[in-house]
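Visitor: Attaching a single structure in C-alpha cells format; questions to follow.
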Amino acid sequence: MAMGRSYIDNKDFEEEKEFYRNAVNLNEKQGKRGLLETKDKRKDDQIKDDDYLLGEARQPLWRKVAVPSSLINPYRIVIILRLIILLFFFQFRITTPVHDAFALWLISVVCEFWLALSWFVDQFPKWFPITRETYLDRLSIRFEREGEPSLLAPLDVFVTTADPLKEPPIITANTVLSVLSVDYPVEKVTCYVSDDSASMLLFDTLAETSEFARIWVPFCKKYNIEPRAPEFYFSQKIDYLKDKVHPTFVKDRRAMKVREYEEFKVKINALVAKAQKKPEEGWVMQDGNPWPGNDSHDHPGMIKVYLGSSGARDKDGKELPRLVYVSREIRPCYQHNKKAGAMNALLRVSAVLTNAPFVLNLDCDHYTNNSKAIREAMCFLMDPQLGKKLCYVQFPKRFDGVDHHDRYSNHNTIFFDITMKCLDGIQGPIDEEWLDGYEEQEESSFMSQKKFEKRFGQSPVFIASTLMEGGGLPKGINSRLLIKEAIHVISCGYEDKTEWGKEIGWIYGSVTEDILTGFKMHCRGWKSVYCMPKRAAFKGSVPINLSDRLHQVLKWALGSVEIFLSGHCPLWYGYSGKLKWLQRLAYINIIVYPFTSIPLLVYCAIPAVCLLTGKFIIPILSNLASIWLMALFISIILACVLELRWSGVSIQDWWRNEQFWVIGGVSAHLFAVFQGILRVIAGVDTNLKVRAKAAEDTVFGELYLFKWTTLLIPPTSLVILNMVGIVAGISNAINNGYDSWGPLFGKLFFSFWVIMHLYPFLKGLMGRQNRTPTIVVLWSILLALIFSIIWVRIDIFLPKQTGPVLKQCGLEC
C-alpha cells in the first residue's frame, strides 16, 4: 500500500513537474508578451504624444475674441438713436432762431454742427471692437523643436535718440538692456541704436552697457525676472521673492543691485558729468583720435558693433544678441527729415548688416516690460495665413511715473483701450510699432537693375538684401565690406533721386511719421493687428507737468495738420487703393481733429458772453423742444455708460479724457492749426524741441513744475472770462429780481460745464501747495480789467427801459 501509494506519489510528482513546467513556460510567454505589450504601449504613447504635438502645431497661433452681443448691441442701438435725436435737435435749432441774439445763435449752431460732425467721424469706426488672444506654447511647438535649430524669424530692434542730454543715457541704457535680455533666441536678435546728435556720451554709454549686459542678461534668464530693465526692476514695490525657488536668488539679486548695477550707474553718471563741458579742442577717443562727431551738425556717418563680434559672450560663455551704434551722416546743406530720416537710415543699415525680415521700433525711453512681447507679435507675423497680409503689429503704450489721478490723461486709456480695439476690427490700428519687410521683396522681384537703383539707391548689397526670401545675408560675404557698404547707405546723398520717404520706408512730410506710414500701408491693402498681452509689452515715460504735456500734444496735433495739408490727406488720397471706408473715416478723424479746436474755443466762450450780455443762444423752449433736448442729454449719458461697460474702462479715465480733450483743444490743438498752416504754406519752421525725459526725481515732483508757455493763454482766458461772466450773471439776477433767475440757470450750467472741464488746468496753474505763478496773476488782472470795462460799457446793472428811448439832447434842449 505504501508502494502503491509510492507509485501513486511518483505519478503525482511527475504530474506536478509537468504542471510547473507548463506554468513556467506560460509565465515566460506571458512575460515576453507583456514586454512586447509594454514596448507597444510606449510606442503607442510616443505616437500619441507626437500626434498631440503635431496637432498642437497645426492649431492657430491666435484667435479673435469679439465683444459679446449682449454688451455691444445695446451700445450700437443707442448710437443710432443718438444720431436720429441729433437730426431732430438740429431741425429745432435751425428753425427757431434767437432774433435778439442772432449772431450768438448763428455762431453757436455752426459750432454745434461741427462738434456733432466730429462726433460722427469719431464714433462710427467704433462699430466692430475685438480683442485677440495668442498661444505662445503652440508657437514654440511649431518653430522650436527640441534638438533642432530654432525656426523663429530674426528680428532687428531700432532704438532712436536725438539728444543724450535731454534723453538721459541711463534711460537709453535700460531700454537697450531690456532688449538684449528678451526671451528670444539670441542669434535672432540685433539691437540698433540711432544717435542723431553724434554724441560721444552715448557712444561711451553703449560701451559700458555692452559690458554690463554680460552679467545682466544671464541673471535675467536664470531667474526669469520681469521687467528686464534694471532701473525699473529694482524700483518695483512688490514682493520680489514671489514664485522664486532658486536658493541663490537673494544673494545674486543683492549683489547685482548693490554692487554691479550701482557701479554701472556711477560710471554712466561720470560720463554725463564729463559731457557737461566740452573741451575747446573737442572730444578725443580712447585711442587718441579726435571724435568724428565733434560738430553735431556736420559729421560723417559712424557705425560701431559692440556685441556680436568674436568674443562677445556673457559671463557664462553663452552668446549675446548683437548691439550696433549708428550715427548717420549729417551735413548743413542737406534735408535730414528728422526721426523719419533716421528710421530709414536704420532700415538700410540693418538690411546690409543683418537683414532680419521684421523690425521693432522703440523710443529710447520705452523699455521692454514683457520679455515675451516679441513672441506675442510673432504669433501674428509668422501665421501662415494672416502673416502674408500683415504689415505691422501694434502694442498699447503704457507709462510709468504718472500720478494716481492721471490729471492730464497721460495714460490715454480711451484711445488705447477703446479706439484701437475698434480699429482692429476693421483693418487694423493706425499707429505702428512693428513693420513687416516682405512688401518690397514681393514688388521688387520683377524689376531691372536700373529701376532697383532708382527706387532703393545705388547699393548692390542693399538691393541684394531685398531679394533674400525670409531675410538673411548671402553666404561668404566679407564683414569689412558690409561695414563699408553700411556707411555708404547712411550718407547724406544716398536718398537723392530715389523713392525713400515717398514710397519706400517711413514717409516724410509730417512729424507724426508713424501715422502717415501706416496710412500708406493700409491704402495698399495691408492689414495691422492690435496685440494686448496681459502683462504690458512695453512701458515708457511721459511728461506729467502741464506745460510739457501740452507741448507733446502740440507735436501730435501739428503732425495731423501737416498730413491734412499734404497730398496724403485721407479726404482725397488713396481712393484707388484698398482702404476700407470705416478705416478711412478713422484716418480722417485723426487728421481733422485739431481743427475742432476753433469751434470748441468759441463754444466755451459763448456761456460767458451770454452771462455778460444777458442774451442766450436758445429761445424759450416748447414742450416738444424740451423733450428733444432731454433725449439728447440722456442718449449722451447712455452711450458713455454702455461704452464703459463693454470696454472695461473706468469712469475716472473717461472723465479725465473728456477734461483733457477740452484743455488740449483750446490750447495745443489751436496753436497746431496755425503753426501747421505757417509751416506748410508759408514755409515757417516752428522747430519743435526734443522733450526732456526724466531719469530720477521725487515721486510726482515734476507734476507741480510750472513752465510758462503761450499755450496757457487761451485756457487761462476762458477760465477768467467764465468766472467774470458768472459773477456778472448772478449780480444781474440779484439786481433785476426773482424773474431773472429762471433764464440764468441755463447760462450758469454751460459756464460751469466749461470750468469743470478746465479744472485740471487750474490745478496745474496753481502748482505745488496752490501757489499761483506771478505771470498767471498778472494775466488774470489784465483780463479782469478788460472784461470789467466791457461789463460797465453794456450797463448790466441798470434797469432795462421798456418805454420809448430817451436821448440826451445836451444844451440844445
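Residue numbering restarts at 1 for every chain of the C-alpha cells, chains are lettered A, B, ... in their displayed order, and ligands are numbered from 1 as they appear.
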Quick one: residues within 9 Å of segment 216-229 of chain A, only C-alpha atoms counted, chain neighbours fewer than 2 positions away excluded, as a ChimeraX atom specification?
Guide: /A:173-183,212-214,231-234,240,244,246,249,252-253,256,260-261,314-316,318,320,367-371
Visitor: Can you tell me, as a PyMOL selection string, what residues are no more than 10 Å from Ile637 of chain A when counting only C-alpha atoms, ignoring any on the same chain fewer than 6 positions away?
Guide: chain A and resi 78+631+643
Visitor: List as a PyMOL selection string the protein and nucleic acid residues near Val284 of chain A, meaning an atom at most 12 Å away when only C-alpha atoms are counted, but skip any in the same chain fewer than 5 places from it.
Guide: chain A and resi 199-201+204+275+278-279+289-294
Visitor: Might you pull out every residue within 8 Å of segment 612-621 of chain A, with only C-alpha atoms counted and same-chain residues fewer than 4 positions away left off, and present them as a VMD selection string?
Guide: chain A and resid 93 96 to 98 100 to 101 104 to 105 108 608 625 to 626 725 728 to 729 747 791 794 796
Visitor: Write a file of the selected residues as a PDB file, in the first residue's frame, keeping C-alpha atoms.
Guide:
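Output saved as part_29.pdb:
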```pdb
ATOM      1  CA  ARG A  93     -32.119 124.751 -33.658  1.00  0.00           C
ATOM      2  CA  THR A  96     -36.080 128.541 -34.128  1.00  0.00           C
ATOM      3  CA  PRO A  97     -33.526 131.366 -34.364  1.00  0.00           C
ATOM      4  CA  VAL A  98     -32.982 133.766 -31.495  1.00  0.00           C
ATOM      5  CA  ASP A 100     -32.457 139.348 -30.243  1.00  0.00           C
ATOM      6  CA  ALA A 101     -29.089 137.463 -30.238  1.00  0.00           C
ATOM      7  CA  LEU A 104     -24.651 134.375 -30.990  1.00  0.00           C
ATOM      8  CA  TRP A 105     -27.303 131.920 -32.192  1.00  0.00           C
ATOM      9  CA  SER A 108     -23.451 128.503 -31.707  1.00  0.00           C
ATOM     10  CA  ALA A 608     -19.636 133.798 -20.563  1.00  0.00           C
ATOM     11  CA  ALA A 625     -38.218 121.037 -27.885  1.00  0.00           C
ATOM     12  CA  SER A 626     -37.690 120.242 -24.201  1.00  0.00           C
ATOM     13  CA  GLY A 725     -19.431 136.020 -16.507  1.00  0.00           C
ATOM     14  CA  ALA A 728     -21.883 139.325 -13.708  1.00  0.00           C
ATOM     15  CA  GLY A 729     -24.821 136.996 -14.290  1.00  0.00           C
ATOM     16  CA  LYS A 747     -26.360 130.045 -18.737  1.00  0.00           C
ATOM     17  CA  TRP A 791     -19.246 144.830 -18.365  1.00  0.00           C
ATOM     18  CA  ILE A 794     -23.003 147.353 -21.560  1.00  0.00           C
ATOM     19  CA  ILE A 796     -25.535 145.415 -16.951  1.00  0.00           C
TER      20      ILE A 796
END
```
Visitor: Tell me, as a list in words, which residues lie within 9 Å of segment 564-572 of chain A, counting only C-alpha atoms; anything in the same chain fewer than 5 positions away does not count.
Guide: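 Listed by chain and then number, they are Gly509, Ser510, Leu516, Phe519, Lys520, Gly559, Arg584, Leu585, Tyr587, Ile588, Ile591, Val592, Gly676, Ile677, Val680 and Ile681 of chain A.
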Visitor: Can you write just those residues out, C-alpha atoms, as a PDB file, in the first residue's frame?
Guide:
```
ATOM      1  CA  GLY A 509       6.212 115.202 -44.621  1.00  0.00           C
ATOM      2  CA  SER A 510       4.976 115.022 -41.038  1.00  0.00           C
ATOM      3  CA  LEU A 516       1.483 108.710 -42.323  1.00  0.00           C
ATOM      4  CA  PHE A 519      -1.908 105.127 -43.699  1.00  0.00           C
ATOM      5  CA  LYS A 520       0.109 104.447 -46.869  1.00  0.00           C
ATOM      6  CA  GLY A 559       1.685 116.274 -37.422  1.00  0.00           C
ATOM      7  CA  ARG A 584     -10.693 105.940 -43.960  1.00  0.00           C
ATOM      8  CA  LEU A 585     -13.175 107.581 -41.596  1.00  0.00           C
ATOM      9  CA  TYR A 587      -7.877 108.354 -40.502  1.00  0.00           C
ATOM     10  CA  ILE A 588      -9.967 111.426 -41.343  1.00  0.00           C
ATOM     11  CA  ILE A 591      -6.126 114.186 -39.294  1.00  0.00           C
ATOM     12  CA  VAL A 592      -9.012 116.658 -38.837  1.00  0.00           C
ATOM     13  CA  GLY A 676       0.822 123.874 -39.389  1.00  0.00           C
ATOM     14  CA  ILE A 677      -0.562 126.414 -41.847  1.00  0.00           C
ATOM     15  CA  VAL A 680       3.221 124.072 -44.882  1.00  0.00           C
ATOM     16  CA  ILE A 681       2.023 127.169 -46.742  1.00  0.00           C
TER      17      ILE A 681
END
```
Visitor: Can you list, as a list in words, every protein, DNA or RNA residue that comes within 7 Å of Trp526 of chain A when you count only C-alpha atoms, leaving out same-chain residues fewer than 5 positions away?
Guide: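 Using only C-alpha atoms, the neighbours found are Lys389, Leu390, Cys391 and Met521 of chain A.
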Visitor: Create the file for the chosen residues now, containing all heavy atoms and written as a short mmCIF file (atom, residue, chain, number, x, y, z; two decimals), in the first residue's frame.
Guide:
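Here's the written file part-v4.cif:
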```cif
data_model
loop_
_atom_site.label_atom_id
_atom_site.label_comp_id
_atom_site.auth_asym_id
_atom_site.auth_seq_id
_atom_site.Cartn_x
_atom_site.Cartn_y
_atom_site.Cartn_z
N LYS A 389 -0.59 88.97 -45.10
CA LYS A 389 -1.36 90.20 -45.32
C LYS A 389 -1.00 91.29 -44.32
O LYS A 389 -1.57 92.38 -44.37
CB LYS A 389 -2.86 89.90 -45.19
CG LYS A 389 -3.35 88.73 -46.03
CD LYS A 389 -4.78 88.38 -45.69
CE LYS A 389 -5.25 87.13 -46.42
NZ LYS A 389 -6.63 86.75 -46.03
N LEU A 390 -0.08 90.99 -43.41
CA LEU A 390 0.15 91.84 -42.25
C LEU A 390 1.35 92.75 -42.47
O LEU A 390 2.41 92.30 -42.91
CB LEU A 390 0.38 90.96 -41.02
CG LEU A 390 0.22 91.60 -39.65
CD1 LEU A 390 -1.17 92.16 -39.46
CD2 LEU A 390 0.51 90.57 -38.57
N CYS A 391 1.18 94.04 -42.17
CA CYS A 391 2.31 94.98 -42.29
C CYS A 391 2.92 95.30 -40.93
O CYS A 391 4.12 95.53 -40.85
CB CYS A 391 1.88 96.26 -42.99
SG CYS A 391 0.50 97.14 -42.23
N MET A 521 0.41 102.23 -45.92
CA MET A 521 0.37 100.76 -45.93
C MET A 521 -1.05 100.25 -46.05
O MET A 521 -1.34 99.33 -46.83
CB MET A 521 1.03 100.20 -44.67
CG MET A 521 2.53 100.35 -44.64
SD MET A 521 3.21 99.67 -43.10
CE MET A 521 4.95 99.78 -43.46
#
```
Visitor: Report as CSV the residues of segment 474-592 of chain A within 7 Å of segment 447-464 of chain A, each with its shortest atom pair and distance in Å (one decimal), using only C-alpha atoms, ordered by chain and increasing residue number.
Guide:
```
residue,atom,partner,partner_atom,distance
A:Tyr494,CA,A:Gly457,CA,6.3
A:Glu495,CA,A:Gly457,CA,6.4
A:Lys497,CA,A:Lys454,CA,6.7
A:Thr498,CA,A:Arg455,CA,4.9
A:Glu499,CA,A:Arg455,CA,5.0
A:Trp500,CA,A:Phe456,CA,6.9
```
Visitor: If you run DSSP on the backbone, which residues of segment 322-448 of chain A are helix (DSSP H, G or I), as a ChimeraX atom specification?
Guide: /A:338-353,373-381,386-389,413-424,438-444
Visitor: With C-alpha atoms retained, write the just-selected residues as a PDB file, in the first residue's frame.
Guide:
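This went into again12.pdb:
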```pdb
ATOM      1  CA  LYS A 338      14.293 114.264 -38.529  1.00  0.00           C
ATOM      2  CA  LYS A 339      13.161 110.969 -36.979  1.00  0.00           C
ATOM      3  CA  ALA A 340      11.713 109.537 -40.208  1.00  0.00           C
ATOM      4  CA  GLY A 341      15.082 110.027 -41.911  1.00  0.00           C
ATOM      5  CA  ALA A 342      16.872 108.353 -39.004  1.00  0.00           C
ATOM      6  CA  MET A 343      14.491 105.368 -39.162  1.00  0.00           C
ATOM      7  CA  ASN A 344      15.098 104.956 -42.896  1.00  0.00           C
ATOM      8  CA  ALA A 345      18.851 105.052 -42.307  1.00  0.00           C
ATOM      9  CA  LEU A 346      18.444 102.273 -39.726  1.00  0.00           C
ATOM     10  CA  LEU A 347      16.374 100.245 -42.191  1.00  0.00           C
ATOM     11  CA  ARG A 348      19.183 100.364 -44.746  1.00  0.00           C
ATOM     12  CA  VAL A 349      21.957  99.647 -42.230  1.00  0.00           C
ATOM     13  CA  SER A 350      20.091  96.680 -40.771  1.00  0.00           C
ATOM     14  CA  ALA A 351      19.344  95.339 -44.269  1.00  0.00           C
ATOM     15  CA  VAL A 352      23.071  95.409 -45.075  1.00  0.00           C
ATOM     16  CA  LEU A 353      24.391  94.023 -41.760  1.00  0.00           C
ATOM     17  CA  ALA A 373       6.497  90.515 -26.188  1.00  0.00           C
ATOM     18  CA  ILE A 374       8.385  89.527 -29.353  1.00  0.00           C
ATOM     19  CA  ARG A 375       6.859  86.057 -29.236  1.00  0.00           C
ATOM     20  CA  GLU A 376       3.416  87.634 -28.843  1.00  0.00           C
ATOM     21  CA  ALA A 377       3.919  89.536 -32.081  1.00  0.00           C
ATOM     22  CA  MET A 378       5.361  86.531 -33.893  1.00  0.00           C
ATOM     23  CA  CYS A 379       2.099  84.654 -33.287  1.00  0.00           C
ATOM     24  CA  PHE A 380       0.621  87.049 -35.857  1.00  0.00           C
ATOM     25  CA  LEU A 381       3.602  87.804 -38.095  1.00  0.00           C
ATOM     26  CA  LEU A 386      -2.517  86.288 -41.638  1.00  0.00           C
ATOM     27  CA  GLY A 387       1.238  86.904 -41.868  1.00  0.00           C
ATOM     28  CA  LYS A 388       1.073  87.295 -45.652  1.00  0.00           C
ATOM     29  CA  LYS A 389      -1.357  90.196 -45.322  1.00  0.00           C
ATOM     30  CA  THR A 413      -6.864 104.965 -21.910  1.00  0.00           C
ATOM     31  CA  ILE A 414      -9.816 105.812 -24.164  1.00  0.00           C
ATOM     32  CA  PHE A 415      -7.588 105.748 -27.231  1.00  0.00           C
ATOM     33  CA  PHE A 416      -5.564 102.621 -26.396  1.00  0.00           C
ATOM     34  CA  ASP A 417      -8.314 100.536 -24.757  1.00  0.00           C
ATOM     35  CA  ILE A 418     -11.328 101.543 -26.853  1.00  0.00           C
ATOM     36  CA  THR A 419     -10.446 103.222 -30.159  1.00  0.00           C
ATOM     37  CA  MET A 420      -7.606 100.858 -31.073  1.00  0.00           C
ATOM     38  CA  LYS A 421      -9.675  97.763 -30.263  1.00  0.00           C
ATOM     39  CA  CYS A 422     -12.378  99.056 -32.573  1.00  0.00           C
ATOM     40  CA  LEU A 423      -9.960  99.769 -35.426  1.00  0.00           C
ATOM     41  CA  ASP A 424      -8.565  96.257 -35.024  1.00  0.00           C
ATOM     42  CA  TYR A 438       8.011  91.418 -47.169  1.00  0.00           C
ATOM     43  CA  GLU A 439       6.261  94.106 -49.180  1.00  0.00           C
ATOM     44  CA  GLU A 440       9.275  95.362 -51.057  1.00  0.00           C
ATOM     45  CA  GLN A 441      10.559  91.863 -51.737  1.00  0.00           C
ATOM     46  CA  GLU A 442       7.306  90.900 -53.438  1.00  0.00           C
ATOM     47  CA  GLU A 443       7.249  94.025 -55.584  1.00  0.00           C
ATOM     48  CA  SER A 444      10.940  94.038 -56.444  1.00  0.00           C
TER      49      SER A 444
END
```
Visitor: Run DSSP on the backbone and grab whatever in segment 69-203 of chain A lands in strand (DSSP E); send it over as a PyMOL selection string.
Guide: chain A and resi 130-134+155-161+189-195
Visitor: Just write the chosen residues, all heavy atoms, as a compact mmCIF listing (two decimals), in the first residue's frame.
Guide:
```txt
# COMPACT_ATOMS: atom_id res chain seq x y z
N ILE A 130 -12.86 94.34 -31.20
CA ILE A 130 -12.44 92.96 -30.96
C ILE A 130 -11.18 92.96 -30.09
O ILE A 130 -10.53 93.99 -29.93
CB ILE A 130 -12.13 92.19 -32.27
CG1 ILE A 130 -10.95 92.85 -33.00
CG2 ILE A 130 -13.34 92.10 -33.17
CD1 ILE A 130 -10.40 92.00 -34.12
N THR A 131 -10.88 91.81 -29.52
CA THR A 131 -9.59 91.58 -28.87
C THR A 131 -9.00 90.30 -29.45
O THR A 131 -9.71 89.51 -30.09
CB THR A 131 -9.73 91.44 -27.34
OG1 THR A 131 -10.68 90.38 -27.06
CG2 THR A 131 -10.23 92.73 -26.72
N ARG A 132 -7.72 90.09 -29.24
CA ARG A 132 -7.04 88.91 -29.78
C ARG A 132 -6.27 88.20 -28.68
O ARG A 132 -5.67 88.87 -27.83
CB ARG A 132 -6.10 89.29 -30.93
CG ARG A 132 -6.80 89.94 -32.11
CD ARG A 132 -5.81 90.35 -33.19
NE ARG A 132 -6.43 91.18 -34.21
CZ ARG A 132 -6.92 90.73 -35.36
NH1 ARG A 132 -6.85 89.44 -35.64
NH2 ARG A 132 -7.47 91.56 -36.23
N GLU A 133 -6.27 86.88 -28.73
CA GLU A 133 -5.50 86.07 -27.79
C GLU A 133 -4.45 85.28 -28.55
O GLU A 133 -4.69 84.82 -29.67
CB GLU A 133 -6.42 85.10 -27.03
CG GLU A 133 -7.38 85.78 -26.08
CD GLU A 133 -8.24 84.77 -25.33
OE1 GLU A 133 -8.08 83.55 -25.60
OE2 GLU A 133 -9.06 85.19 -24.49
N THR A 134 -3.27 85.14 -27.95
CA THR A 134 -2.18 84.40 -28.59
C THR A 134 -1.89 83.12 -27.83
O THR A 134 -2.22 82.98 -26.65
CB THR A 134 -0.91 85.26 -28.63
OG1 THR A 134 -0.57 85.67 -27.29
CG2 THR A 134 -1.11 86.50 -29.49
N LEU A 155 15.00 89.19 -35.90
CA LEU A 155 14.38 90.48 -35.60
C LEU A 155 15.46 91.53 -35.39
O LEU A 155 16.44 91.30 -34.69
CB LEU A 155 13.52 90.36 -34.34
CG LEU A 155 12.87 91.65 -33.85
CD1 LEU A 155 11.62 91.97 -34.66
CD2 LEU A 155 12.52 91.55 -32.37
N ASP A 156 15.27 92.70 -36.02
CA ASP A 156 16.12 93.86 -35.76
C ASP A 156 15.33 94.87 -34.94
O ASP A 156 14.20 95.21 -35.30
CB ASP A 156 16.57 94.51 -37.07
CG ASP A 156 17.55 93.63 -37.85
OD1 ASP A 156 18.19 92.78 -37.21
OD2 ASP A 156 17.65 93.79 -39.07
N VAL A 157 15.91 95.35 -33.85
CA VAL A 157 15.25 96.30 -32.95
C VAL A 157 15.91 97.66 -33.14
O VAL A 157 17.13 97.79 -33.07
CB VAL A 157 15.37 95.85 -31.49
CG1 VAL A 157 14.61 96.82 -30.58
CG2 VAL A 157 14.83 94.44 -31.31
N PHE A 158 15.07 98.68 -33.39
CA PHE A 158 15.57 100.05 -33.59
C PHE A 158 15.26 100.89 -32.36
O PHE A 158 14.09 101.01 -31.95
CB PHE A 158 14.90 100.70 -34.80
CG PHE A 158 15.21 100.03 -36.12
CD1 PHE A 158 14.49 100.33 -37.25
CD2 PHE A 158 16.22 99.09 -36.22
CE1 PHE A 158 14.76 99.72 -38.46
CE2 PHE A 158 16.51 98.47 -37.43
CZ PHE A 158 15.77 98.79 -38.55
N VAL A 159 16.29 101.49 -31.78
CA VAL A 159 16.13 102.42 -30.66
C VAL A 159 16.66 103.78 -31.13
O VAL A 159 17.82 103.88 -31.53
CB VAL A 159 16.91 101.95 -29.41
CG1 VAL A 159 16.75 102.96 -28.28
CG2 VAL A 159 16.42 100.58 -28.97
N THR A 160 15.83 104.80 -31.12
CA THR A 160 16.21 106.11 -31.67
C THR A 160 16.42 107.12 -30.56
O THR A 160 15.65 107.20 -29.61
CB THR A 160 15.12 106.63 -32.62
OG1 THR A 160 13.85 106.62 -31.95
CG2 THR A 160 15.02 105.75 -33.85
N THR A 161 17.49 107.92 -30.71
CA THR A 161 17.77 109.02 -29.78
C THR A 161 18.14 110.25 -30.61
O THR A 161 18.56 110.14 -31.76
CB THR A 161 18.94 108.69 -28.84
OG1 THR A 161 20.14 108.55 -29.61
CG2 THR A 161 18.68 107.41 -28.08
N VAL A 189 18.38 88.11 -32.61
CA VAL A 189 18.09 89.49 -32.17
C VAL A 189 19.30 90.38 -32.41
O VAL A 189 20.42 90.02 -32.06
CB VAL A 189 17.70 89.53 -30.68
CG1 VAL A 189 17.42 90.97 -30.25
CG2 VAL A 189 16.48 88.65 -30.43
N THR A 190 19.06 91.54 -33.00
CA THR A 190 20.08 92.58 -33.15
C THR A 190 19.47 93.92 -32.75
O THR A 190 18.38 94.26 -33.22
CB THR A 190 20.59 92.67 -34.60
OG1 THR A 190 21.07 91.40 -35.02
CG2 THR A 190 21.71 93.70 -34.71
N CYS A 191 20.15 94.66 -31.90
CA CYS A 191 19.66 95.95 -31.43
C CYS A 191 20.50 97.06 -32.06
O CYS A 191 21.72 97.12 -31.88
CB CYS A 191 19.75 96.03 -29.90
SG CYS A 191 19.17 97.61 -29.22
N TYR A 192 19.83 97.94 -32.81
CA TYR A 192 20.48 99.09 -33.43
C TYR A 192 20.08 100.35 -32.68
O TYR A 192 18.88 100.60 -32.47
CB TYR A 192 20.07 99.23 -34.90
CG TYR A 192 20.59 98.14 -35.80
CD1 TYR A 192 19.89 96.93 -35.95
CD2 TYR A 192 21.77 98.29 -36.52
CE1 TYR A 192 20.35 95.93 -36.79
CE2 TYR A 192 22.25 97.29 -37.35
CZ TYR A 192 21.53 96.12 -37.48
OH TYR A 192 22.00 95.12 -38.30
N VAL A 193 21.05 101.16 -32.29
CA VAL A 193 20.79 102.42 -31.59
C VAL A 193 21.18 103.57 -32.51
O VAL A 193 22.35 103.69 -32.90
CB VAL A 193 21.57 102.50 -30.26
CG1 VAL A 193 21.24 103.81 -29.55
CG2 VAL A 193 21.22 101.32 -29.37
N SER A 194 20.21 104.40 -32.86
CA SER A 194 20.46 105.55 -33.73
C SER A 194 20.74 106.78 -32.89
O SER A 194 19.98 107.10 -31.97
CB SER A 194 19.24 105.79 -34.63
OG SER A 194 19.38 107.01 -35.33
N ASP A 195 21.83 107.48 -33.23
CA ASP A 195 22.23 108.69 -32.50
C ASP A 195 22.34 109.84 -33.48
O ASP A 195 23.35 109.99 -34.17
CB ASP A 195 23.57 108.45 -31.80
CG ASP A 195 24.05 109.68 -31.05
OD1 ASP A 195 23.22 110.56 -30.80
OD2 ASP A 195 25.25 109.74 -30.72
```
Visitor: Nearest to Glu658 of chain A among A:Ile563, A:Met756, A:Ala605, A:Ala682, with distances taken over only C-alpha atoms: which residue is it?
Guide: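 Nearest to Glu658 of chain A: A:Met756.
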